[in-house]
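**Student:** So I've got this file, entry.cif, and it contains mmCIF, C-alpha atoms:
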data_work
#
loop_
_atom_site.label_atom_id
_atom_site.label_comp_id
_atom_site.auth_asym_id
_atom_site.auth_seq_id
_atom_site.Cartn_x
_atom_site.Cartn_y
_atom_site.Cartn_z
CA MET A 8 47.52 -34.03 136.74
CA SER A 9 48.57 -30.58 135.64
CA GLU A 10 47.34 -31.36 132.14
CA ILE A 11 43.90 -32.12 133.47
CA LEU A 12 43.87 -28.79 135.33
CA LEU A 13 44.89 -27.01 132.15
CA MET A 14 42.13 -28.82 130.30
CA MET A 15 39.58 -27.84 132.95
CA PHE A 16 40.72 -24.24 132.66
CA GLU A 17 40.40 -24.33 128.86
CA PHE A 18 36.89 -25.79 129.05
CA PHE A 19 35.86 -23.30 131.72
CA LYS A 20 36.97 -20.57 129.32
CA THR A 21 34.99 -22.22 126.54
CA GLY A 22 31.90 -22.35 128.74
CA LEU A 23 32.36 -18.69 129.54
CA PHE A 24 32.93 -17.38 126.02
CA ALA A 25 31.12 -19.77 123.68
CA VAL A 26 27.93 -17.85 123.02
CA GLY A 27 25.11 -19.32 120.96
CA GLY A 28 24.93 -23.06 121.56
CA GLY A 29 26.84 -26.19 120.68
CA LEU A 30 28.31 -25.06 117.35
CA ALA A 31 29.97 -22.13 119.09
CA THR A 32 32.16 -24.51 121.11
CA ILE A 33 33.82 -25.80 117.93
CA PRO A 34 36.20 -22.83 117.42
CA PHE A 35 37.41 -23.22 120.99
CA LEU A 36 37.89 -26.96 120.59
CA GLN A 37 39.79 -26.46 117.35
CA GLU A 38 42.06 -23.92 119.06
CA MET A 39 42.69 -26.35 121.92
CA GLY A 40 43.59 -29.15 119.53
CA GLN A 41 46.00 -26.86 117.74
CA ASN A 42 47.63 -25.41 120.85
CA TYR A 43 47.93 -28.51 123.01
CA GLY A 44 47.62 -31.45 120.60
CA TRP A 45 44.93 -33.14 122.70
CA PHE A 46 43.15 -34.23 119.50
CA ASP A 47 43.51 -33.76 115.75
CA VAL A 48 41.13 -32.65 112.99
CA ASN A 49 39.88 -36.21 112.41
CA THR A 50 39.07 -36.69 116.08
CA LEU A 51 37.24 -33.36 116.10
CA SER A 52 35.19 -34.60 113.16
CA THR A 53 34.42 -37.91 114.92
CA MET A 54 33.46 -35.94 118.00
CA ILE A 55 30.99 -33.83 116.02
CA ALA A 56 29.49 -36.98 114.47
CA ILE A 57 29.01 -38.62 117.86
CA SER A 58 27.55 -35.43 119.33
CA GLU A 59 25.09 -35.12 116.47
CA SER A 60 23.94 -38.72 116.74
CA THR A 61 23.50 -39.00 120.48
CA PRO A 62 20.98 -37.18 122.66
CA GLY A 63 21.91 -34.23 124.79
CA PRO A 64 23.44 -30.81 124.19
CA MET A 65 26.30 -30.90 121.70
CA GLY A 66 28.70 -28.86 123.85
CA ILE A 67 28.34 -31.30 126.74
CA ASN A 68 28.85 -34.29 124.47
CA MET A 69 32.03 -32.79 123.05
CA ALA A 70 33.44 -32.00 126.50
CA THR A 71 32.71 -35.48 127.82
CA TYR A 72 34.28 -37.08 124.76
CA VAL A 73 37.48 -35.01 124.89
CA GLY A 74 37.82 -35.60 128.63
CA TYR A 75 37.32 -39.32 128.20
CA ILE A 76 39.72 -39.94 125.32
CA THR A 77 42.47 -37.96 127.01
CA HIS A 78 42.03 -38.86 130.70
CA GLY A 79 39.37 -41.56 131.03
CA LEU A 80 36.36 -41.29 133.29
CA VAL A 81 37.93 -38.78 135.70
CA GLY A 82 38.78 -36.58 132.72
CA SER A 83 35.27 -36.68 131.35
CA ILE A 84 33.74 -35.72 134.71
CA ALA A 85 36.25 -32.92 135.33
CA VAL A 86 35.99 -31.45 131.85
CA THR A 87 32.19 -31.62 131.63
CA LEU A 88 31.76 -29.91 134.98
CA SER A 89 34.28 -27.23 133.98
CA LEU A 90 32.26 -26.48 130.86
CA VAL A 91 28.97 -26.02 132.71
CA ALA A 92 30.36 -24.19 135.76
CA PRO A 93 30.40 -20.73 134.09
CA SER A 94 26.81 -21.19 132.89
CA ILE A 95 25.62 -22.00 136.39
CA ILE A 96 27.42 -19.01 137.89
CA VAL A 97 26.35 -16.55 135.18
CA ILE A 98 22.72 -17.68 135.14
CA ILE A 99 22.33 -17.56 138.92
CA ILE A 100 23.64 -14.00 138.88
CA ILE A 101 21.35 -12.99 136.01
CA ALA A 102 18.32 -14.74 137.53
CA ASN A 103 18.44 -12.14 140.30
CA MET A 104 18.22 -9.22 137.90
CA LEU A 105 16.27 -10.76 135.09
CA ASP A 106 14.33 -7.70 133.93
CA LYS A 107 17.27 -5.34 134.11
CA PHE A 108 19.31 -7.75 132.01
CA LYS A 109 16.58 -8.26 129.44
CA GLU A 110 16.13 -4.55 128.82
CA SER A 111 19.77 -3.56 128.99
CA LYS A 112 20.78 -1.72 125.81
CA LEU A 113 24.41 -2.58 126.52
CA VAL A 114 23.76 -6.33 126.58
CA GLN A 115 21.81 -6.10 123.33
CA ASP A 116 24.58 -4.09 121.66
CA ILE A 117 27.23 -6.58 122.72
CA PHE A 118 25.34 -9.38 121.05
CA VAL A 119 24.79 -7.44 117.84
CA GLY A 120 28.57 -7.68 117.52
CA ILE A 121 29.12 -11.21 118.78
CA ARG A 122 26.42 -13.08 116.83
CA PRO A 123 27.72 -12.56 113.28
CA PHE A 124 31.30 -12.82 114.52
CA VAL A 125 30.73 -16.31 115.91
CA VAL A 126 29.63 -17.50 112.46
CA GLY A 127 33.00 -16.48 111.00
CA LEU A 128 34.78 -18.25 113.86
CA ILE A 129 32.83 -21.46 113.27
CA VAL A 130 33.60 -21.40 109.54
CA ALA A 131 37.30 -20.95 110.29
CA ALA A 132 37.21 -23.82 112.80
CA CYS A 133 35.45 -26.19 110.43
CA ILE A 134 37.34 -25.42 107.25
CA ASP A 135 40.10 -27.91 108.08
CA ILE A 136 37.50 -30.63 108.56
CA PHE A 137 36.16 -29.84 105.07
CA LEU A 138 39.60 -29.67 103.49
CA THR A 139 40.95 -32.90 104.97
CA THR A 140 37.73 -34.74 104.10
CA LEU A 141 37.20 -33.53 100.56
CA PHE A 142 40.79 -33.08 99.38
CA ASP A 143 43.89 -35.22 99.30
CA PHE A 144 46.88 -32.97 99.78
CA ALA A 145 49.36 -35.82 99.38
CA ALA A 146 48.43 -36.15 95.68
CA VAL A 147 50.85 -34.73 93.13
CA ASP A 148 48.69 -33.12 90.45
CA ILE A 149 45.77 -30.80 90.95
CA ILE A 150 43.08 -33.11 89.54
CA ASN A 151 43.96 -35.86 92.00
CA LYS A 152 44.11 -33.45 94.92
CA ILE A 153 40.34 -33.45 94.91
CA SER A 154 38.88 -36.65 96.39
CA TRP A 155 36.17 -37.00 93.75
CA VAL A 156 34.30 -39.85 95.45
CA HIS A 157 34.13 -37.88 98.70
CA VAL A 158 33.04 -34.70 96.93
CA GLY A 159 30.38 -36.67 95.01
CA LEU A 160 29.00 -38.28 98.17
CA PHE A 161 29.06 -34.88 99.87
CA ALA A 162 27.02 -33.30 97.08
CA VAL A 163 24.48 -36.13 96.91
CA GLY A 164 24.16 -36.23 100.71
CA LEU A 165 23.72 -32.48 100.91
CA PHE A 166 20.95 -32.65 98.32
CA ILE A 167 19.12 -35.49 100.12
CA TYR A 168 19.50 -33.88 103.54
CA GLU A 169 18.10 -30.56 102.37
CA LYS A 170 15.47 -31.87 99.96
CA PHE A 171 13.94 -34.58 102.16
CA LYS A 172 14.77 -33.09 105.59
CA VAL A 173 15.91 -36.46 106.92
CA HIS A 174 17.17 -36.79 110.48
CA PRO A 175 20.91 -36.07 110.97
CA ILE A 176 21.42 -39.57 112.40
CA LEU A 177 20.30 -41.06 109.09
CA ILE A 178 22.99 -39.10 107.27
CA ILE A 179 25.61 -40.33 109.74
CA VAL A 180 24.48 -43.97 109.54
CA ALA A 181 24.43 -43.77 105.73
CA GLY A 182 27.94 -42.29 105.80
CA ALA A 183 29.18 -45.16 107.96
CA ALA A 184 27.54 -47.77 105.73
CA LEU A 185 28.89 -46.23 102.51
CA GLY A 186 32.31 -45.90 104.10
CA ILE A 187 32.39 -49.66 104.70
CA VAL A 188 30.79 -50.67 101.38
CA LEU A 189 33.05 -48.44 99.26
CA GLY A 190 36.10 -49.09 101.45
CA LEU A 191 36.84 -45.37 101.88
CA MET B 25 14.31 -33.29 148.93
CA LYS B 26 11.35 -34.59 146.93
CA GLU B 27 11.47 -31.51 144.78
CA LEU B 28 15.19 -31.91 144.15
CA ILE B 29 14.67 -35.50 143.02
CA ALA B 30 11.86 -34.37 140.73
CA LEU B 31 14.12 -31.67 139.28
CA TYR B 32 16.90 -34.14 138.64
CA THR B 33 14.76 -36.86 137.03
CA SER B 34 12.75 -34.41 134.98
CA TRP B 35 15.84 -32.75 133.50
CA PHE B 36 17.55 -36.12 133.12
CA LYS B 37 14.67 -37.16 130.88
CA MET B 38 15.01 -33.99 128.83
CA GLY B 39 18.72 -34.58 128.40
CA LEU B 40 18.05 -38.15 127.34
CA PHE B 41 15.40 -37.52 124.71
CA THR B 42 16.65 -34.46 122.91
CA PHE B 43 18.82 -34.76 119.90
CA GLY B 44 20.50 -31.67 118.58
CA GLY B 45 20.45 -29.56 121.71
CA GLY B 46 18.73 -26.31 122.64
CA TYR B 47 15.73 -25.83 120.38
CA ALA B 48 14.81 -29.48 120.09
CA MET B 49 14.27 -29.38 123.83
CA LEU B 50 11.59 -26.69 123.79
CA PRO B 51 8.52 -28.92 123.27
CA MET B 52 9.59 -31.21 126.11
CA ILE B 53 10.21 -28.28 128.42
CA GLN B 54 6.76 -26.97 127.65
CA ARG B 55 5.16 -30.30 128.46
CA ASP B 56 7.18 -31.22 131.53
CA VAL B 57 8.22 -27.98 133.18
CA VAL B 58 5.24 -25.80 132.30
CA GLU B 59 2.24 -28.13 132.13
CA LYS B 60 3.12 -31.04 134.37
CA GLN B 61 5.32 -29.69 137.15
CA LYS B 62 4.24 -26.02 136.86
CA TRP B 63 7.75 -24.89 137.75
CA ALA B 64 7.58 -21.97 135.35
CA THR B 65 5.11 -20.32 132.97
CA GLU B 66 5.35 -20.44 129.20
CA ASP B 67 6.44 -16.78 129.15
CA GLU B 68 9.17 -17.39 131.66
CA ILE B 69 10.53 -20.26 129.57
CA MET B 70 10.63 -18.00 126.50
CA ASP B 71 12.51 -15.41 128.57
CA TYR B 72 14.98 -18.03 129.77
CA TYR B 73 15.51 -19.13 126.19
CA ALA B 74 16.11 -15.61 124.98
CA ILE B 75 18.59 -15.00 127.77
CA GLY B 76 20.14 -18.45 127.32
CA GLN B 77 20.93 -17.40 123.77
CA CYS B 78 22.68 -14.21 124.71
CA THR B 79 24.61 -15.52 127.65
CA PRO B 80 27.62 -17.75 127.35
CA GLY B 81 27.24 -21.48 127.63
CA ILE B 82 24.90 -24.12 126.39
CA ILE B 83 21.26 -23.08 126.04
CA ALA B 84 19.89 -26.31 127.52
CA VAL B 85 22.13 -25.97 130.55
CA ASN B 86 21.25 -22.32 131.02
CA THR B 87 17.53 -23.08 130.91
CA ALA B 88 17.91 -25.95 133.38
CA THR B 89 19.84 -23.71 135.77
CA PHE B 90 17.17 -21.01 135.51
CA VAL B 91 14.27 -23.36 136.25
CA GLY B 92 16.14 -25.16 139.04
CA TYR B 93 17.16 -21.89 140.62
CA LYS B 94 13.61 -20.61 140.53
CA VAL B 95 12.25 -23.75 142.20
CA LYS B 96 14.91 -24.38 144.84
CA GLY B 97 17.60 -21.69 144.80
CA VAL B 98 21.27 -22.34 144.06
CA ILE B 99 21.08 -26.02 145.02
CA GLY B 100 18.10 -26.45 142.70
CA GLY B 101 20.02 -24.81 139.86
CA ILE B 102 22.93 -27.17 140.33
CA VAL B 103 20.74 -30.29 140.63
CA ALA B 104 18.71 -29.48 137.48
CA THR B 105 21.94 -28.83 135.58
CA LEU B 106 23.48 -32.11 136.70
CA GLY B 107 20.26 -33.81 135.63
CA VAL B 108 20.35 -32.43 132.10
CA ILE B 109 24.02 -33.30 131.55
CA SER B 110 23.97 -36.80 133.13
CA PRO B 111 22.56 -38.74 130.13
CA SER B 112 25.07 -37.23 127.69
CA PHE B 113 27.77 -37.95 130.11
CA ILE B 114 26.90 -41.63 130.53
CA ILE B 115 26.23 -42.29 126.83
CA ILE B 116 29.31 -40.48 125.56
CA SER B 117 31.62 -42.13 128.08
CA ILE B 118 30.42 -45.55 126.91
CA ILE B 119 30.86 -44.64 123.23
CA ALA B 120 34.29 -43.15 123.83
CA ALA B 121 35.36 -46.27 125.73
CA CYS B 122 34.14 -48.55 122.92
CA LEU B 123 35.57 -46.40 120.16
CA SER B 124 39.06 -46.25 121.63
CA ASN B 125 39.06 -50.08 121.75
CA PHE B 126 37.74 -50.56 118.24
CA GLN B 127 39.20 -47.75 116.20
CA ASP B 128 42.14 -49.76 114.89
CA ILE B 129 39.82 -52.19 113.12
CA VAL B 130 39.70 -51.54 109.35
CA VAL B 131 35.90 -51.63 109.10
CA VAL B 132 35.58 -49.06 111.88
CA GLN B 133 38.08 -46.82 110.14
CA GLN B 134 36.16 -47.09 106.88
CA ALA B 135 32.92 -46.27 108.68
CA LEU B 136 34.58 -43.27 110.30
CA SER B 137 35.86 -41.91 107.00
CA GLY B 138 32.34 -42.24 105.59
CA ILE B 139 31.00 -40.47 108.67
CA ARG B 140 33.44 -37.61 108.11
CA ILE B 141 31.64 -36.83 104.85
CA SER B 142 28.33 -36.89 106.74
CA VAL B 143 29.76 -34.43 109.25
CA CYS B 144 30.69 -32.07 106.40
CA ILE B 145 27.10 -32.24 105.13
CA LEU B 146 25.57 -31.56 108.54
CA MET B 147 28.02 -28.78 109.33
CA ALA B 148 27.55 -27.10 105.96
CA VAL B 149 23.80 -26.93 106.55
CA SER B 150 24.07 -25.90 110.23
CA ILE B 151 26.54 -23.14 109.46
CA TYR B 152 24.41 -21.90 106.57
CA LYS B 153 21.31 -21.73 108.77
CA LEU B 154 23.14 -20.05 111.61
CA GLY B 155 24.66 -17.58 109.17
CA LYS B 156 21.31 -16.71 107.65
CA LYS B 157 19.95 -15.97 111.12
CA SER B 158 22.96 -14.11 112.52
CA VAL B 159 24.56 -12.32 109.58
CA THR B 160 21.84 -9.99 108.41
CA ASN B 161 23.48 -6.73 107.34
CA LEU B 162 26.73 -5.19 106.12
CA PHE B 163 27.99 -4.77 109.67
CA GLY B 164 27.38 -8.48 110.26
CA ILE B 165 29.06 -9.54 107.01
CA THR B 166 32.10 -7.41 107.83
CA LEU B 167 32.42 -8.88 111.32
CA CYS B 168 31.92 -12.40 110.00
CA VAL B 169 34.69 -11.99 107.42
CA ILE B 170 37.03 -10.40 109.97
CA ALA B 171 36.31 -13.29 112.35
CA PHE B 172 37.19 -15.81 109.67
CA VAL B 173 40.41 -14.10 108.62
CA MET B 174 41.63 -13.41 112.16
CA SER B 175 40.82 -16.89 113.36
CA TYR B 176 42.09 -18.85 110.37
CA PHE B 177 45.20 -16.90 109.44
CA THR B 178 46.43 -15.55 112.78
CA SER B 179 46.84 -17.15 116.19
CA VAL B 180 45.04 -14.47 118.19
CA SER B 181 43.09 -16.18 120.97
CA THR B 182 39.41 -16.86 120.35
CA VAL B 183 38.44 -15.36 123.72
CA LEU B 184 40.10 -12.08 122.80
CA LEU B 185 38.35 -12.06 119.42
CA VAL B 186 34.93 -12.63 121.00
CA VAL B 187 35.51 -9.80 123.47
CA ALA B 188 36.58 -7.49 120.62
CA ALA B 189 33.43 -8.39 118.67
CA GLY B 190 31.30 -7.48 121.68
CA LEU B 191 33.11 -4.15 121.86
CA CYS B 192 32.40 -3.50 118.17
CA GLY B 193 28.73 -4.07 118.89
CA VAL B 194 28.80 -1.58 121.76
CA ILE B 195 30.61 1.08 119.68
CA LYS B 196 28.14 0.63 116.85
CA GLY B 197 25.27 0.92 119.32
CA ARG B 198 26.71 4.12 120.81
CA MET B 199 27.16 5.69 117.38
CA LYS B 200 23.56 4.91 116.47
CA HIS B 201 22.12 6.29 119.69
CA GLU B 202 23.88 9.64 119.35
#
As structure tokens, what does this structure read like?

**Tutor:**
Amino acid sequence: MSEILLMMFEFFKTGLFAVGGGLATIPFLQEMGQNYGWFDVNTLSTMIAISESTPGPMGINMATYVGYITHGLVGSIAVTLSLVAPSIIVIIIIANMLDKFKESKLVQDIFVGIRPFVVGLIVAACIDIFLTTLFDFAAVDIINKISWVHVGLFAVGLFIYEKFKVHPILIIVAGAALGIVLGL
Amino acid sequence: MKELIALYTSWFKMGLFTFGGGYAMLPMIQRDVVEKQKWATEDEIMDYYAIGQCTPGIIAVNTATFVGYKVKGVIGGIVATLGVISPSFIIISIIAACLSNFQDIVVVQQALSGIRISVCILMAVSIYKLGKKSVTNLFGITLCVIAFVMSYFTSVSTVLLVVAAGLCGVIKGRMKHE
């Protein structure tokens, strides 16, 4: 029970400080995984894949997934509501002073600082996903530390995704299919 | 009551049919909220979006709360928000339930390790795009690098870092105005 309260508190905090959409929740999730061991890097990666290939806002999808795998249905409800609670509160307050907020120099200045900062946070949060996927740290020599097949698929996929602008789901389905065919 | 039901179903639909969050939702909001239900004008939606971007939380949720609040006060805000998150909630719970039953199967594990590469591809592109939009000058590059170093190599809490970044923005603003 106390763990679920802690989780709700952590997700409330995420809802309150993750500025700039779904991606911005990733640094908070990564920190949670590290501090409390609720999920590991691979689960985080699975979570991102599921969020990208199902409808709905990514942040919500992530919260529901974490809540569910750790505490079942009750967990997913509690965690999802904790994530959106700060938004509801903040927006209702701002809705009453919309114009003042929009023109506030202070608010604009704050976001001049936060926006680029969040990018650095997201890179730091995702780097472990990249490293564990593209490298094999168990290998002895340097050449084998790089998972060449993974790196190759990554490069080809990146090219196709950018060149032909295919839907993200297609990339995920192709990844799943190749994973099975190549026995990754 | 009728209006509350309309708010819930309308936002439920938007939650159900948008992939990729925030921006993908805009065309549907324009059609449903602005043209069909006339809950808000096009300009108001753009305002909500702009504010949704510079307030904490998920843009889609923020916009739903705004529109709901405008139509029916606090209760409307809550109902619209529940509407937009319900589809994700149902779908993800089902997937999570299935996945925890199946993830020990070899084929599923292979599929997941393939998917991990896909995630790297999608994330690389998303981060690049976000970076191009958000990191536009030397000040931005500096903050971005500091964020990376502080977050990856130290255990300072992310909340504290975000607050500090906001402060840097304010200080920079003050210096410019003087």

**Student:** Would you kindly translate the PyMOL selection byres ((chain B and resi 164-172) around 12) into the concrete residues it picks from this file, as a ChimeraX atom specification?

**Tutor:** /A:34,118-134 /B:154-163,173-193,196

**Student:** For the selection you just gave me, I'd like the residues written to a file as a CSV table (one decimal), in the coordinates of the input, keeping C-alpha atoms.

**Tutor:**
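Writing the result to result_31.csv gives the following:
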chain,number,residue,atom,x,y,z
A,34,PRO,CA,36.2,-22.8,117.4
A,118,PHE,CA,25.3,-9.4,121.0
A,119,VAL,CA,24.8,-7.4,117.8
A,120,GLY,CA,28.6,-7.7,117.5
A,121,ILE,CA,29.1,-11.2,118.8
A,122,ARG,CA,26.4,-13.1,116.8
A,123,PRO,CA,27.7,-12.6,113.3
A,124,PHE,CA,31.3,-12.8,114.5
A,125,VAL,CA,30.7,-16.3,115.9
A,126,VAL,CA,29.6,-17.5,112.5
A,127,GLY,CA,33.0,-16.5,111.0
A,128,LEU,CA,34.8,-18.2,113.9
A,129,ILE,CA,32.8,-21.5,113.3
A,130,VAL,CA,33.6,-21.4,109.5
A,131,ALA,CA,37.3,-21.0,110.3
A,132,ALA,CA,37.2,-23.8,112.8
A,133,CYS,CA,35.4,-26.2,110.4
A,134,ILE,CA,37.3,-25.4,107.2
B,154,LEU,CA,23.1,-20.0,111.6
B,155,GLY,CA,24.7,-17.6,109.2
B,156,LYS,CA,21.3,-16.7,107.6
B,157,LYS,CA,20.0,-16.0,111.1
B,158,SER,CA,23.0,-14.1,112.5
B,159,VAL,CA,24.6,-12.3,109.6
B,160,THR,CA,21.8,-10.0,108.4
B,161,ASN,CA,23.5,-6.7,107.3
B,162,LEU,CA,26.7,-5.2,106.1
B,163,PHE,CA,28.0,-4.8,109.7
B,173,VAL,CA,40.4,-14.1,108.6
B,174,MET,CA,41.6,-13.4,112.2
B,175,SER,CA,40.8,-16.9,113.4
B,176,TYR,CA,42.1,-18.8,110.4
B,177,PHE,CA,45.2,-16.9,109.4
B,178,THR,CA,46.4,-15.6,112.8
B,179,SER,CA,46.8,-17.2,116.2
B,180,VAL,CA,45.0,-14.5,118.2
B,181,SER,CA,43.1,-16.2,121.0
B,182,THR,CA,39.4,-16.9,120.4
B,183,VAL,CA,38.4,-15.4,123.7
B,184,LEU,CA,40.1,-12.1,122.8
B,185,LEU,CA,38.4,-12.1,119.4
B,186,VAL,CA,34.9,-12.6,121.0
B,187,VAL,CA,35.5,-9.8,123.5
B,188,ALA,CA,36.6,-7.5,120.6
B,189,ALA,CA,33.4,-8.4,118.7
B,190,GLY,CA,31.3,-7.5,121.7
B,191,LEU,CA,33.1,-4.2,121.9
B,192,CYS,CA,32.4,-3.5,118.2
B,193,GLY,CA,28.7,-4.1,118.9
B,196,LYS,CA,28.1,0.6,116.8

**Student:** Quick check on the file I pasted: which residues fall under the PyMOL selection byres ((chain B and resi 40) around 7)? Write them as an mmCIF file with C-alpha atoms, in the frame of the given file.

**Tutor:**
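Output file out.cif is given in full below:
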data_model
loop_
_atom_site.group_PDB
_atom_site.id
_atom_site.type_symbol
_atom_site.label_atom_id
_atom_site.label_comp_id
_atom_site.auth_asym_id
_atom_site.auth_seq_id
_atom_site.Cartn_x
_atom_site.Cartn_y
_atom_site.Cartn_z
ATOM 1 C CA PRO A 62 20.980 -37.180 122.660
ATOM 2 C CA GLY A 63 21.910 -34.230 124.790
ATOM 3 C CA PHE B 36 17.550 -36.120 133.120
ATOM 4 C CA LYS B 37 14.670 -37.160 130.880
ATOM 5 C CA MET B 38 15.010 -33.990 128.830
ATOM 6 C CA GLY B 39 18.720 -34.580 128.400
ATOM 7 C CA PHE B 41 15.400 -37.520 124.710
ATOM 8 C CA THR B 42 16.650 -34.460 122.910
ATOM 9 C CA PRO B 111 22.560 -38.740 130.130
#

**Student:** Measuring between only C-alpha atoms, which one of B:Leu106, B:Arg198, B:Val149, B:Val131 shows the shortest distance to Tyr32 in chain B?

**Tutor:**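 Of the candidates, the smallest distance to Tyr32 in chain B is held by B:Leu106.
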
**Student:** Just to confirm, what's the straight-line distance from CA of Met65 in chain A to CA of Gly182 in chain A in Å (one decimal)?

**Tutor:**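 Rounded to one decimal, the two atoms are 19.6 Å apart.
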
**Student:** Could you tell me how far CA of Glu17 in chain A lies from CA of Ile33 in chain A, in Å and to one decimal?

**Tutor:**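 Rounded to one decimal, the two atoms are 12.8 Å apart.
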
**Student:** Residues picked by the PyMOL selection byres ((chain A and resi 160) around 12) here, as a PDB file with C-alpha atoms, in the frame of the given file?

**Tutor:**
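expr00.pdb was written with the following content:
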ATOM      1  CA  THR A 140      37.730 -34.740 104.100  1.00  0.00           C
ATOM      2  CA  LEU A 141      37.200 -33.530 100.560  1.00  0.00           C
ATOM      3  CA  SER A 154      38.880 -36.650  96.390  1.00  0.00           C
ATOM      4  CA  TRP A 155      36.170 -37.000  93.750  1.00  0.00           C
ATOM      5  CA  VAL A 156      34.300 -39.850  95.450  1.00  0.00           C
ATOM      6  CA  HIS A 157      34.130 -37.880  98.700  1.00  0.00           C
ATOM      7  CA  VAL A 158      33.040 -34.700  96.930  1.00  0.00           C
ATOM      8  CA  GLY A 159      30.380 -36.670  95.010  1.00  0.00           C
ATOM      9  CA  PHE A 161      29.060 -34.880  99.870  1.00  0.00           C
ATOM     10  CA  ALA A 162      27.020 -33.300  97.080  1.00  0.00           C
ATOM     11  CA  VAL A 163      24.480 -36.130  96.910  1.00  0.00           C
ATOM     12  CA  GLY A 164      24.160 -36.230 100.710  1.00  0.00           C
ATOM     13  CA  LEU A 165      23.720 -32.480 100.910  1.00  0.00           C
ATOM     14  CA  PHE A 166      20.950 -32.650  98.320  1.00  0.00           C
ATOM     15  CA  ILE A 167      19.120 -35.490 100.120  1.00  0.00           C
ATOM     16  CA  TYR A 168      19.500 -33.880 103.540  1.00  0.00           C
ATOM     17  CA  ILE A 178      22.990 -39.100 107.270  1.00  0.00           C
ATOM     18  CA  ALA A 181      24.430 -43.770 105.730  1.00  0.00           C
ATOM     19  CA  GLY A 182      27.940 -42.290 105.800  1.00  0.00           C
ATOM     20  CA  ALA A 183      29.180 -45.160 107.960  1.00  0.00           C
ATOM     21  CA  LEU A 185      28.890 -46.230 102.510  1.00  0.00           C
ATOM     22  CA  GLY A 186      32.310 -45.900 104.100  1.00  0.00           C
ATOM     23  CA  LEU A 189      33.050 -48.440  99.260  1.00  0.00           C
ATOM     24  CA  LEU A 191      36.840 -45.370 101.880  1.00  0.00           C
TER      25      LEU A 191
ATOM     26  CA  SER B 137      35.860 -41.910 107.000  1.00  0.00           C
ATOM     27  CA  GLY B 138      32.340 -42.240 105.590  1.00  0.00           C
ATOM     28  CA  ILE B 139      31.000 -40.470 108.670  1.00  0.00           C
ATOM     29  CA  ARG B 140      33.440 -37.610 108.110  1.00  0.00           C
ATOM     30  CA  ILE B 141      31.640 -36.830 104.850  1.00  0.00           C
ATOM     31  CA  SER B 142      28.330 -36.890 106.740  1.00  0.00           C
ATOM     32  CA  VAL B 143      29.760 -34.430 109.250  1.00  0.00           C
ATOM     33  CA  CYS B 144      30.690 -32.070 106.400  1.00  0.00           C
ATOM     34  CA  ILE B 145      27.100 -32.240 105.130  1.00  0.00           C
TER      35      ILE B 145
END

**Student:** With distances taken over all atoms listed in the file, which residue among A:Val97, A:Ile179, A:Leu138, A:Val81 lies nearest Phe24 in chain A?

**Tutor:** A:Val97

**Student:** Let me make sure I understand: among A:Phe19, A:Asn103, A:Ile57, A:Ile117, which one has the smallest atom-to-atom distance to chain B if we use only C-alpha atoms?

**Tutor:**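 Ranked by minimum distance to chain B, first place goes to A:Ile117.
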
**Student:** What lies within 6 Å of Ala104 in chain B using only C-alpha atoms, ignoring chain neighbours under 3 positions off, as a list in words?

**Tutor:**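 The residues satisfying every condition are Leu31, Tyr32, Trp35, Ala88, Gly92, Gly101 and Gly107 of chain B.
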
**Student:** By how many Å are CA of Ser94 in chain A and CA of Gly81 in chain B apart?

**Tutor:**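 That distance, rounded to one decimal, is 5.3 Å.
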
**Student:** Go ahead and find all residues with at least one atom no further than 9 Å from (26.0, -37.4, 117.7) in the file's coordinates, using only C-alpha atoms; report them as a list in words.

**Tutor:**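 These residues have at least one counted atom within 9 Å: Thr53, Met54, Ile55, Ala56, Ile57, Ser58, Glu59, Ser60, Thr61, Pro62, Gly63, Met65, Asn68, Pro175, Ile176 and Ile179 of chain A; Phe43 and Gly44 of chain B.
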
**Student:** Would you mind exporting the chosen residues as a PDB file, in the frame of the given file, restricted to C-alpha atoms?

**Tutor:**
ATOM      1  CA  THR A  53      34.420 -37.910 114.920  1.00  0.00           C
ATOM      2  CA  MET A  54      33.460 -35.940 118.000  1.00  0.00           C
ATOM      3  CA  ILE A  55      30.990 -33.830 116.020  1.00  0.00           C
ATOM      4  CA  ALA A  56      29.490 -36.980 114.470  1.00  0.00           C
ATOM      5  CA  ILE A  57      29.010 -38.620 117.860  1.00  0.00           C
ATOM      6  CA  SER A  58      27.550 -35.430 119.330  1.00  0.00           C
ATOM      7  CA  GLU A  59      25.090 -35.120 116.470  1.00  0.00           C
ATOM      8  CA  SER A  60      23.940 -38.720 116.740  1.00  0.00           C
ATOM      9  CA  THR A  61      23.500 -39.000 120.480  1.00  0.00           C
ATOM     10  CA  PRO A  62      20.980 -37.180 122.660  1.00  0.00           C
ATOM     11  CA  GLY A  63      21.910 -34.230 124.790  1.00  0.00           C
ATOM     12  CA  MET A  65      26.300 -30.900 121.700  1.00  0.00           C
ATOM     13  CA  ASN A  68      28.850 -34.290 124.470  1.00  0.00           C
ATOM     14  CA  PRO A 175      20.910 -36.070 110.970  1.00  0.00           C
ATOM     15  CA  ILE A 176      21.420 -39.570 112.400  1.00  0.00           C
ATOM     16  CA  ILE A 179      25.610 -40.330 109.740  1.00  0.00           C
TER      17      ILE A 179
ATOM     18  CA  PHE B  43      18.820 -34.760 119.900  1.00  0.00           C
ATOM     19  CA  GLY B  44      20.500 -31.670 118.580  1.00  0.00           C
TER      20      GLY B  44
END

**Student:** Of the candidates B:Val57, B:Val98, B:Cys122, B:Ile129, which shows the shortest atom-to-atom distance to chain A, using all atoms listed in the file?

**Tutor:** B:Val98

**Student:** Could you give me, as a list of chain:residue names, the residues within 10 Å of Glu66 in chain B, counting only C-alpha atoms and dropping anything in the same chain fewer than 4 positions from it?

**Tutor:** B:Ile53, B:Gln54, B:Arg55, B:Val57, B:Val58, B:Glu59, B:Lys62, B:Met70, B:Asp71, B:Tyr72
